[in-house]
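Okay, structure first, notes after.
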Amino acid sequence: MLRQPILLLSRSTRVKQLISTMPVSAGIVASYVPGESTESAVAATRALVDDGLEVTLDFLGEDTTDAEQADATVAAYRELLEQLGSLGLARRAEVSVKLSAVGQFLPENGHKVALENARAICRAARNAGTTVTLDMEDHTTTDSTLQILRELRKDFPETGAVLQSALFRTEADCRALAHEGSRVRLCKGAYLEPEDVAFQSGAEIDKSYVRCLKVLLAGDGYPMIATHDPRMVQIASSLASRYGRAQGTYEFQMLYGIRTDEQKRLAASGETMRVYLPYGTQWYGYLMRRLAEKPQNLSMFVRSLVSQK
């Protein structure tokens, strides 16, 4: 019942101004975001890799309408990728990019700017010895994101995609992307979507997730199974066995700070387990979506807020 109000709060400028004054080290924030700097992100990456885990890093930011901010995001990714490469971490760590953070919402030429900026990040990733996955945002960006993906894959076929089982269209999108060489992360979706484009109940979203899993695991691509749901992890493992998938031909993904014991268990069992690691100063929207997914964390967050006063 709290999910919708929390997601609505994520769009509140007033609440954002209040909460964004908290230091990243405060309480619940630090449990989801390991730091604001490139150095903190690299240090967290090294610790995860030492535990046998893979990593995908997200320099936080979204919905920018400022060309300079988009350029700054590209520069941040270049800096990160250079460090990952020089420290020998690129083999185990890739990056996730939100197109709205690199210019997708700029007036007039946003699609073109986002494509060129994403291409620059893909080039830096390849030079470092790793890859890029394009994050998916709310449904209004889906067509543009998939169009940019198709353009990027002409030169960077290793570029990954993300699809959300909450959307009605996703099973068909999975069929279109379940081909050889295609990397697809399947998640449930963390955005508040209207009922004319998305399933509204958790049960329906789960059913869609399983249908999409079947398509991806039966296909020739590389599925990236993003879920913290123990039942979905079990179902995914069973489906992988049914479709003759060897370990290493797919992977599991979970968010930094969530079900860490399960992450280590999966890695120890021989599964490829990748942790989604966000960092940077623009953590507000990300945090609010995490709270919406797990509202019981709200009380911890409020205590963190109070402790800062």
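Going by the structure tokens order, chains are called A, B, ..., each with residues numbered from 1, while ligands are numbered from 1 in the order shown.
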
Task: Distance query range 167-180 of chain A at most 10 Å, only C-alpha atoms, self and fewer than 2 positions along chain excluded, as a ChimeraX atom specification - done: /A:138-139,142,146,161-165,182-186,188-189,193-200,205,208-223

TODO: From a DSSP pass on the backbone, collect the residues of range 36-250 of chain A flagged as strand (DSSP E or B) and hand them back as a ChimeraX atom specification.
DONE: /A:54-59,93-98,132-135,160-164,167,183-187,198,222-226

Keeping only C-alpha atoms, write the selected residues to a file as a short mmCIF file (atom, residue, chain, number, x, y, z; two decimals), in the first residue's frame.
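Result saved to result_34.cif:
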```cif
data_model
loop_
_atom_site.label_atom_id
_atom_site.label_comp_id
_atom_site.auth_asym_id
_atom_site.auth_seq_id
_atom_site.Cartn_x
_atom_site.Cartn_y
_atom_site.Cartn_z
CA GLU A 54 30.54 -9.51 -10.73
CA VAL A 55 29.53 -5.84 -10.76
CA THR A 56 27.65 -3.32 -12.87
CA LEU A 57 28.11 0.32 -11.87
CA ASP A 58 25.59 3.13 -12.28
CA PHE A 59 26.66 6.76 -11.97
CA ALA A 93 32.77 -5.01 -13.82
CA GLU A 94 30.68 -3.32 -16.49
CA VAL A 95 28.58 -0.13 -16.39
CA SER A 96 24.85 0.61 -16.56
CA VAL A 97 23.73 3.86 -18.18
CA LYS A 98 20.42 5.71 -18.01
CA VAL A 132 27.66 -1.24 -21.23
CA THR A 133 24.05 -2.04 -20.38
CA LEU A 134 21.38 0.55 -21.14
CA ASP A 135 19.07 0.90 -18.15
CA GLY A 160 23.08 -4.88 -23.04
CA ALA A 161 19.38 -4.07 -22.75
CA VAL A 162 16.95 -3.99 -19.84
CA LEU A 163 13.29 -5.01 -20.01
CA GLN A 164 10.62 -4.73 -17.32
CA LEU A 167 4.88 -3.63 -18.98
CA ARG A 183 22.42 -9.47 -23.47
CA VAL A 184 19.08 -8.77 -21.79
CA ARG A 185 18.51 -7.91 -18.14
CA LEU A 186 14.97 -8.81 -17.05
CA CYS A 187 13.61 -7.00 -14.00
CA ALA A 198 1.36 -2.05 -17.29
CA TYR A 222 22.50 -14.09 -22.65
CA PRO A 223 19.76 -13.55 -20.04
CA MET A 224 20.54 -11.45 -16.97
CA ILE A 225 18.00 -12.39 -14.31
CA ALA A 226 17.51 -9.40 -12.04
#
```

Task: Residue neighbourhood Ala125 in chain A, 12 Å, only C-alpha atoms, exclusion window fewer than 2 positions, as a PyMOL selection string - done: chain A and resi 56-57+74+77-85+89-91+93-97+118-123+127-133+156+158-159

Prev. selection, C-alpha atoms, output as an mmCIF file, in the first residue's frame:
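Result file again.cif:
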```
data_model
loop_
_atom_site.group_PDB
_atom_site.id
_atom_site.type_symbol
_atom_site.label_atom_id
_atom_site.label_comp_id
_atom_site.auth_asym_id
_atom_site.auth_seq_id
_atom_site.Cartn_x
_atom_site.Cartn_y
_atom_site.Cartn_z
ATOM 1 C CA THR A 56 27.647 -3.321 -12.874
ATOM 2 C CA LEU A 57 28.113 0.322 -11.874
ATOM 3 C CA VAL A 74 29.784 11.037 -19.735
ATOM 4 C CA TYR A 77 31.783 7.221 -16.784
ATOM 5 C CA ARG A 78 35.014 7.736 -18.709
ATOM 6 C CA GLU A 79 36.886 8.350 -15.460
ATOM 7 C CA LEU A 80 35.331 5.287 -13.867
ATOM 8 C CA LEU A 81 36.077 3.038 -16.844
ATOM 9 C CA GLU A 82 39.665 4.237 -17.021
ATOM 10 C CA GLN A 83 40.171 3.327 -13.365
ATOM 11 C CA LEU A 84 38.463 -0.055 -13.738
ATOM 12 C CA GLY A 85 40.710 -0.829 -16.682
ATOM 13 C CA LEU A 89 38.721 -4.780 -12.566
ATOM 14 C CA ALA A 90 37.098 -4.315 -15.982
ATOM 15 C CA ARG A 91 36.987 -8.063 -16.612
ATOM 16 C CA ALA A 93 32.772 -5.010 -13.816
ATOM 17 C CA GLU A 94 30.679 -3.320 -16.488
ATOM 18 C CA VAL A 95 28.582 -0.126 -16.390
ATOM 19 C CA SER A 96 24.852 0.611 -16.559
ATOM 20 C CA VAL A 97 23.727 3.862 -18.184
ATOM 21 C CA ALA A 118 26.060 6.559 -25.072
ATOM 22 C CA ARG A 119 28.333 5.749 -28.002
ATOM 23 C CA ALA A 120 31.177 7.586 -26.283
ATOM 24 C CA ILE A 121 30.641 5.557 -23.106
ATOM 25 C CA CYS A 122 30.482 2.306 -25.096
ATOM 26 C CA ARG A 123 33.790 3.214 -26.765
ATOM 27 C CA ASN A 127 38.822 0.342 -24.543
ATOM 28 C CA ALA A 128 38.768 -0.660 -20.867
ATOM 29 C CA GLY A 129 37.838 -4.235 -21.733
ATOM 30 C CA THR A 130 34.224 -4.270 -20.579
ATOM 31 C CA THR A 131 30.658 -3.533 -21.693
ATOM 32 C CA VAL A 132 27.660 -1.238 -21.227
ATOM 33 C CA THR A 133 24.046 -2.044 -20.377
ATOM 34 C CA PHE A 156 28.972 -2.260 -30.157
ATOM 35 C CA GLU A 158 27.877 -6.366 -26.826
ATOM 36 C CA THR A 159 25.669 -3.542 -25.485
#
```

Task: Interatomic distance (Å, one decimal) between CA of Leu87 in chain A and CA of Val42 in chain A - done: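 Here the two named atoms are 9.1 Å from each other.
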
Open item on the list: as a list in words, please: the residues near range 61-64 of chain A (cut-off 7 Å, only C-alpha atoms, same-chain neighbours under 5 positions excluded).
Closed with: Gln69, Ala70, Lys98, Ser100, Ala101, Gly103, Phe105 and Gln282 of chain A
